[in-house]
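Chemist: Got entry-v6.txt for you, compact mmCIF, C-alpha atoms:
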```
# COMPACT_ATOMS: atom_id res chain seq x y z
CA MET A 847 -18.60 -22.70 10.37
CA GLU A 848 -14.91 -21.73 10.52
CA PHE A 849 -14.93 -21.35 6.71
CA ILE A 850 -17.80 -18.83 6.89
CA ARG A 851 -16.15 -17.00 9.82
CA LEU A 852 -12.93 -16.55 7.82
CA ILE A 853 -14.87 -15.25 4.79
CA GLY A 854 -16.51 -12.67 7.07
CA ILE A 855 -13.17 -11.62 8.54
CA GLY A 856 -11.70 -11.43 5.04
CA MET A 857 -14.50 -9.10 3.93
CA ILE A 858 -13.77 -6.81 6.86
CA LEU A 859 -10.06 -6.80 5.96
CA GLY A 860 -10.92 -6.02 2.34
CA VAL A 861 -13.19 -3.15 3.35
CA ALA A 862 -10.53 -1.81 5.75
CA ASN A 863 -7.90 -1.83 3.03
CA VAL A 864 -9.89 0.40 0.67
CA ILE A 865 -10.44 3.09 3.33
CA PRO A 866 -7.64 5.66 3.77
CA GLY A 867 -6.58 5.71 7.41
CA VAL A 868 -7.88 2.23 8.23
CA SER A 869 -5.34 -0.57 8.70
CA GLY A 870 -6.14 -4.05 7.51
CA GLY A 871 -3.29 -5.21 9.74
CA THR A 872 -5.06 -3.72 12.74
CA MET A 873 -8.24 -5.60 11.88
CA ALA A 874 -6.22 -8.82 11.60
CA VAL A 875 -4.89 -8.21 15.11
CA VAL A 876 -8.39 -7.52 16.42
CA PHE A 877 -9.70 -10.81 15.04
CA ASN A 878 -6.65 -12.70 16.32
CA ILE A 879 -5.39 -13.95 12.94
CA TYR A 880 -2.42 -11.59 12.43
CA ASP A 881 0.40 -13.96 13.41
CA ARG A 882 -1.04 -16.78 11.35
CA LEU A 883 -1.60 -14.44 8.39
CA ILE A 884 1.99 -13.18 8.39
CA SER A 885 3.34 -16.73 8.64
CA VAL A 886 1.57 -17.88 5.46
CA ILE A 887 2.63 -14.91 3.30
CA THR A 888 5.74 -16.62 1.98
CA LEU A 889 7.27 -18.33 -1.06
CA ASN A 890 7.26 -21.61 0.87
CA VAL A 891 4.75 -23.54 -1.23
CA LYS A 892 4.43 -26.37 1.28
CA LYS A 893 3.52 -23.90 4.01
CA ILE A 894 0.89 -22.26 1.81
CA VAL A 895 -0.66 -25.58 0.73
CA SER A 896 -0.82 -26.80 4.33
CA GLU A 897 -2.82 -23.70 5.29
CA TRP A 898 -5.23 -23.71 2.35
CA LYS A 899 -8.29 -24.03 4.61
CA PHE A 900 -7.24 -20.74 6.22
CA ILE A 901 -6.02 -18.91 3.10
CA LEU A 902 -8.83 -19.74 0.65
CA PRO A 903 -11.83 -18.35 2.59
CA LEU A 904 -9.81 -15.38 3.86
CA VAL A 905 -8.67 -14.34 0.37
CA ALA A 906 -12.16 -14.91 -1.03
CA GLY A 907 -13.58 -12.61 1.65
CA ILE A 908 -10.93 -9.93 1.02
CA VAL A 909 -11.62 -9.89 -2.73
CA LEU A 910 -15.37 -9.79 -2.14
CA GLY A 911 -15.03 -6.94 0.35
CA VAL A 912 -12.84 -4.87 -1.97
CA ILE A 913 -15.12 -5.32 -4.98
CA LEU A 914 -18.33 -4.58 -3.11
CA PHE A 915 -17.06 -1.61 -1.10
CA SER A 916 -15.14 0.10 -3.93
CA LYS A 917 -18.46 1.32 -5.39
CA VAL A 918 -19.62 2.60 -2.00
CA ILE A 919 -16.42 4.50 -1.29
CA THR A 920 -16.44 6.04 -4.78
CA PHE A 921 -20.02 7.26 -4.20
CA LEU A 922 -19.13 8.73 -0.81
CA PHE A 923 -16.09 10.59 -2.12
CA GLN A 924 -18.07 12.03 -5.02
CA ASN A 925 -21.11 13.14 -3.00
CA TYR A 926 -19.93 13.66 0.61
CA PRO A 927 -16.16 14.32 0.45
CA VAL A 928 -15.91 16.45 3.63
CA GLN A 929 -17.97 14.13 5.83
CA THR A 930 -16.20 11.08 4.41
CA ASN A 931 -12.75 12.46 5.22
CA TRP A 932 -13.89 13.42 8.73
CA PHE A 933 -15.09 9.84 9.20
CA PHE A 934 -11.59 8.70 8.26
CA ILE A 935 -10.07 11.19 10.70
CA GLY A 936 -12.26 9.74 13.44
CA ILE A 937 -11.07 6.25 12.55
CA ILE A 938 -7.43 7.41 12.70
CA LEU A 939 -7.92 9.04 16.11
CA GLY A 940 -9.68 5.96 17.42
CA SER A 941 -6.72 3.74 16.51
CA ILE A 942 -4.16 5.83 18.44
CA PRO A 943 -4.84 4.30 21.91
CA MET A 944 -4.27 0.81 20.50
CA ILE A 945 -1.01 1.80 18.81
CA LEU A 946 0.21 3.68 21.89
CA LYS A 947 -0.46 0.70 24.14
CA ARG A 948 1.39 -1.66 21.81
CA MET A 949 4.30 0.78 21.65
CA LEU A 950 4.48 0.94 25.46
CA VAL A 951 4.31 -2.85 25.80
CA ALA A 952 7.09 -3.30 23.22
CA SER A 953 9.23 -0.64 24.90
CA ARG A 954 8.84 -2.26 28.32
CA SER A 955 9.71 -5.68 26.87
CA ASN A 956 12.93 -4.31 25.36
CA THR A 957 14.15 -2.17 28.25
CA GLY A 958 12.41 -3.67 31.26
CA ARG A 959 11.38 -0.15 32.28
CA LYS A 960 8.21 1.88 31.92
CA GLY A 961 8.16 4.86 29.58
CA ILE A 962 9.16 5.40 25.98
CA PRO A 963 12.85 5.29 24.91
CA LEU A 964 14.31 8.23 23.02
CA SER A 965 14.84 6.10 19.89
CA VAL A 966 11.10 5.38 19.74
CA ILE A 967 10.27 9.09 20.06
CA VAL A 968 12.75 9.90 17.29
CA CYS A 969 11.17 7.29 14.98
CA CYS A 970 7.75 8.79 15.68
CA LEU A 971 8.90 12.35 14.98
CA VAL A 972 10.73 11.37 11.79
CA ALA A 973 7.66 9.57 10.45
CA LEU A 974 5.45 12.51 11.42
CA GLY A 975 7.87 14.87 9.70
CA VAL A 976 7.74 12.82 6.52
CA MET A 977 3.96 13.04 6.50
CA ALA A 978 4.08 16.79 7.15
CA VAL A 979 6.43 17.28 4.20
CA MET A 980 4.16 15.21 1.97
CA THR A 981 1.22 17.35 3.03
CA TYR A 982 3.15 20.55 2.29
CA LEU A 983 4.12 19.24 -1.14
CA GLU A 984 0.46 18.31 -1.79
CA VAL A 985 1.24 14.79 -2.95
CA SER A 986 -2.22 13.50 -2.06
CA ASP A 987 -4.51 12.71 -4.99
CA ALA A 988 -7.52 14.26 -3.24
CA GLY A 989 -9.47 16.08 -5.91
CA ALA A 990 -7.22 14.82 -8.73
CA PRO A 991 -8.87 13.50 -11.90
CA ILE A 992 -9.31 9.75 -12.05
CA GLN A 993 -7.11 8.16 -14.74
CA THR A 994 -8.72 5.45 -16.84
CA GLU A 995 -6.14 5.00 -19.63
CA LEU A 996 -2.94 3.05 -18.95
CA THR A 997 0.34 4.82 -19.78
CA PRO A 998 3.95 3.69 -19.09
CA VAL A 999 4.29 6.30 -16.33
CA LEU A 1000 1.00 5.28 -14.72
CA ALA A 1001 1.96 1.59 -14.95
CA VAL A 1002 5.19 2.21 -13.03
CA LYS A 1003 3.32 4.36 -10.52
CA LEU A 1004 0.74 1.61 -9.98
CA VAL A 1005 3.37 -1.11 -9.48
CA VAL A 1006 5.45 0.95 -7.05
CA GLY A 1007 2.46 2.48 -5.26
CA LEU A 1008 0.66 -0.84 -4.79
CA ALA A 1009 3.89 -2.50 -3.64
CA PHE A 1010 4.34 0.06 -0.86
CA GLY A 1011 0.61 0.16 -0.18
CA THR A 1012 0.45 -3.61 0.24
CA ILE A 1013 3.45 -3.57 2.58
CA ALA A 1014 1.55 -1.01 4.67
CA MET A 1015 -1.64 -3.06 4.60
CA ILE A 1016 -0.05 -5.87 6.59
CA ILE A 1017 1.50 -3.62 9.25
CA PRO A 1018 -0.86 -2.98 12.19
CA GLY A 1019 -1.65 0.71 12.41
CA ILE A 1020 -0.65 1.72 8.89
CA SER A 1021 -3.23 2.17 6.15
CA GLY A 1022 -2.19 0.89 2.76
CA SER A 1023 -4.95 2.91 1.14
CA PHE A 1024 -3.63 6.03 2.86
CA LEU A 1025 -0.17 5.50 1.33
CA MET A 1026 -1.88 5.03 -2.04
CA LEU A 1027 -3.56 8.39 -1.42
CA VAL A 1028 -0.17 9.96 -0.71
CA VAL A 1029 1.39 8.46 -3.83
CA GLY A 1030 -1.55 9.78 -5.84
CA ILE A 1031 -3.14 6.58 -7.15
CA TYR A 1032 -5.94 5.89 -4.66
CA SER A 1033 -8.86 7.31 -6.65
CA THR A 1034 -7.58 5.73 -9.86
CA VAL A 1035 -7.24 2.28 -8.29
CA ILE A 1036 -10.65 2.42 -6.60
CA ALA A 1037 -12.29 3.47 -9.86
CA ALA A 1038 -10.42 0.70 -11.73
CA ILE A 1039 -11.71 -1.89 -9.25
CA SER A 1040 -15.23 -0.50 -9.42
CA ASP A 1041 -15.24 -0.52 -13.24
CA LEU A 1042 -13.15 -3.71 -13.58
CA ASN A 1043 -10.61 -1.82 -15.70
CA ILE A 1044 -8.33 -4.79 -16.45
CA PRO A 1045 -5.42 -2.86 -18.09
CA LEU A 1046 -5.03 -0.77 -14.93
CA LEU A 1047 -5.61 -3.69 -12.58
CA VAL A 1048 -2.80 -5.82 -14.07
CA PRO A 1049 0.12 -3.58 -12.92
CA ALA A 1050 -1.75 -2.95 -9.68
CA VAL A 1051 -1.93 -6.70 -8.97
CA ILE A 1052 1.76 -7.14 -9.86
CA GLY A 1053 2.71 -4.40 -7.41
CA GLY A 1054 0.43 -5.88 -4.79
CA LEU A 1055 2.07 -9.31 -5.04
CA ILE A 1056 5.55 -7.80 -4.79
CA GLY A 1057 4.56 -5.82 -1.73
CA LEU A 1058 2.76 -8.74 -0.13
CA LEU A 1059 5.76 -11.09 -0.25
CA GLY A 1060 8.39 -8.48 0.53
CA GLY A 1061 6.26 -6.76 3.13
CA ALA A 1062 5.55 -9.91 5.14
CA LYS A 1063 9.25 -10.65 5.38
CA LEU A 1064 9.99 -7.05 6.36
CA VAL A 1065 7.27 -7.08 9.03
CA ARG A 1066 8.57 -10.30 10.56
CA PHE A 1067 12.07 -8.80 10.69
CA LEU A 1068 11.10 -5.41 12.15
CA MET A 1069 8.65 -6.75 14.70
CA ALA A 1070 11.22 -9.30 15.88
CA ARG A 1071 14.20 -6.92 16.06
CA VAL A 1072 12.86 -3.42 16.79
CA PRO A 1073 9.16 -3.67 17.73
CA ALA A 1074 9.05 -0.50 19.86
CA GLN A 1075 10.73 1.64 17.21
CA THR A 1076 8.45 0.15 14.56
CA TYR A 1077 5.38 1.13 16.54
CA GLY A 1078 6.92 4.57 17.09
CA ALA A 1079 7.15 5.05 13.33
CA ILE A 1080 3.61 3.73 12.95
CA MET A 1081 2.36 6.30 15.45
CA GLY A 1082 4.04 9.12 13.51
CA LEU A 1083 2.58 7.94 10.21
CA VAL A 1084 -0.91 7.62 11.67
CA LEU A 1085 -0.82 11.08 13.28
CA GLY A 1086 0.60 12.59 10.11
CA SER A 1087 -2.13 11.02 8.00
CA ILE A 1088 -4.59 13.45 9.59
CA LEU A 1089 -2.67 16.33 8.00
CA VAL A 1090 -2.95 14.76 4.57
CA ILE A 1091 -6.68 14.06 4.52
CA PHE A 1092 -7.84 17.09 6.58
CA PRO A 1093 -10.74 18.46 4.47
CA GLY A 1094 -11.43 21.74 6.29
CA PHE A 1095 -14.96 22.81 7.24
CA GLY A 1096 -18.07 23.85 5.36
CA GLY A 1097 -21.30 25.46 6.52
CA PHE A 1098 -23.04 24.71 9.82
CA SER A 1099 -24.86 21.65 8.54
CA THR A 1100 -21.63 20.28 7.07
CA VAL A 1101 -19.78 20.86 10.34
CA ALA A 1102 -22.49 19.04 12.31
CA THR A 1103 -22.57 16.02 10.00
CA SER A 1104 -18.77 15.98 9.78
CA LEU A 1105 -18.38 15.88 13.55
CA LEU A 1106 -20.98 13.13 13.73
CA ALA A 1107 -19.12 11.17 11.07
CA ALA A 1108 -15.84 11.66 12.97
CA ALA A 1109 -17.45 10.46 16.20
CA VAL A 1110 -18.81 7.33 14.50
CA GLY A 1111 -15.40 6.62 12.96
CA PHE A 1112 -13.69 7.07 16.34
CA VAL A 1113 -16.06 4.72 18.12
CA VAL A 1114 -15.76 2.02 15.46
CA SER A 1115 -11.96 2.18 15.39
CA PHE A 1116 -11.50 2.49 19.16
CA PHE A 1117 -13.63 -0.48 20.08
CA ALA A 1118 -12.28 -2.61 17.23
CA GLY A 1119 -8.68 -1.96 18.28
CA ARG A 1120 -9.32 -2.27 22.00
CA GLU A 1121 -9.75 -6.03 21.94
CA ARG A 1122 -6.93 -8.49 22.44
CA ILE A 1123 -4.26 -5.91 23.30
CA GLU A 1124 -1.99 -7.57 25.83
```
Could you show the structure in this file as structure tokens?
Modeler:
Amino acid sequence: MEFIRLIGIGMILGVANVIPGVSGGTMAVVFNIYDRLISVITLNVKKIVSEWKFILPLVAGIVLGVILFSKVITFLFQNYPVQTNWFFIGIILGSIPMILKRMLVASRSNTGRKGIPLSVIVCCLVALGVMAVMTYLEVSDAGAPIQTELTPVLAVKLVVGLAFGTIAMIIPGISGSFLMLVVGIYSTVIAAISDLNIPLLVPAVIGGLIGLLGGAKLVRFLMARVPAQTYGAIMGLVLGSILVIFPGFGGFSTVATSLLAAAVGFVVSFFAGRERIE
């Protein structure tokens, strides 16, 4: 029964990680496996082997979720781009209360006082500023042609982009897929997964492994040393992600369906992130 439960959780994590604005790390927190997940992402072989009953079904579920949902997300982007992006905006807005509460809890633990320290506010504003600059420079790949042929430049971009994206995937509140959008490889990677384009998937997997190992160590360090400031930066990145994926408005029918999609996204994200916040 536990094996099946972990496969189900893994599928949800996989789905979350292919949606810009959705954090797989947040979903791990919601389902109460985050601490255990971070602890097993290591080069310590004995630790990994000892947790195989946890790792195997979880990874199987993640892979299954990514493969199955990549086709769905490609269809939605091609046929309903405005409504799809508004759904993502709703998901982002719904995650803000959870991130804010964690930031407040971390701040109170560090200082013993209520309120948010100046350093946390600065981290939030810097991260938000970075996202605003990226939006101004139009670094998102929204609307860009999907690349299907591997080139040296694309290979480097996939390795670096997936490394950073994977780091983001294991930080609660940050969407790895969103960072892939910013870097400009999201549509290409999703299409490669959907079509099983092996030449493109090889550098993507290499980057993912680099980010997974390095990111887990980074997360353990940041959350242990500067948790409040880390959540401040997360808040800035999440708020700034709205600027990047904002699709504008269409006609009346598009506005109505977009607002509905945003409301659904908000509800899903809000109630998923509301659980198990101490």
Chemist: What is the CA of Gly940 in chain A to CA of Gly1022 in chain A distance in Å?
Modeler: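 Computing the Euclidean distance for CA of Gly940 in chain A and CA of Gly1022 in chain A yields 17.2 Å.
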Chemist: Grab the CA of Thr1100 in chain A to CA of Tyr926 in chain A distance for me, in Å with one decimal place.
Modeler: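 Distance between the two atoms: 9.4 Å.
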Chemist: Determine, using all atoms listed in the file, which residues of range 854-917 of chain A have any atom at most 7 Å from an atom of range 1053-1076 of chain A, and tabulate each with its shortest atom pair and distance in Å to one decimal place, rows ordered by chain and then rising number, as a Markdown table.
Modeler:
```
| residue | atom | partner | partner_atom | distance |
| --- | --- | --- | --- | --- |
| A:Ile884 | CA | A:Ala1062 | CA | 5.8 |
| A:Ile887 | CA | A:Ala1062 | CA | 6.1 |
| A:Thr888 | CA | A:Leu1059 | CA | 6.0 |
```
Chemist: A:Ile850, A:Val966, A:Ile945, A:Val1101: which is nearest Ala906 in chain A, counting all atoms listed in the file?
Modeler: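 That would be A:Ile850, the residue with the smallest distance to Ala906 in chain A.
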Chemist: Nearest to Asn1043 in chain A among A:Leu996, A:Ile1091, A:Val1028, A:Ile937, with distances taken over all atoms listed in the file: which residue is it?
Modeler: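 Among A:Leu996, A:Ile1091, A:Val1028, A:Ile937, it is A:Leu996 that comes nearest to Asn1043 in chain A.
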Chemist: Which residue, A:Ala1014, A:Val1114, A:Leu914, A:Ala1108, has the smallest gap to Thr930 in chain A when you use all atoms listed in the file?
Modeler: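 Closest to Thr930 in chain A, using all atoms listed in the file: A:Ala1108.
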Chemist: Have a look at CA of Gly1007 in chain A and CA of Met1026 in chain A and let me know their distance in Å, one decimal.
Modeler: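 Atom-to-atom, CA of Gly1007 in chain A to CA of Met1026 in chain A, that is 6.0 Å.
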Chemist: May I have the centre and edge lengths, in Å to one decimal, of an axis-aligned box around the listed atoms of range 997-1008 of chain A with 8 Å added to every side, as JSON?
Modeler:
```
{"center_x": 2.9, "center_y": 2.6, "center_z": -12.3, "size_x": 21.1, "size_y": 23.4, "size_z": 31.0}
```
Chemist: Considering only C-alpha atoms, can you say which of A:Ala1009, A:Ile1016, A:Ile1039, A:Ala1079 comes closest to Val918 in chain A?
Modeler: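 Looking only at the distances to Val918 in chain A, the closest residue turns out to be A:Ile1039.
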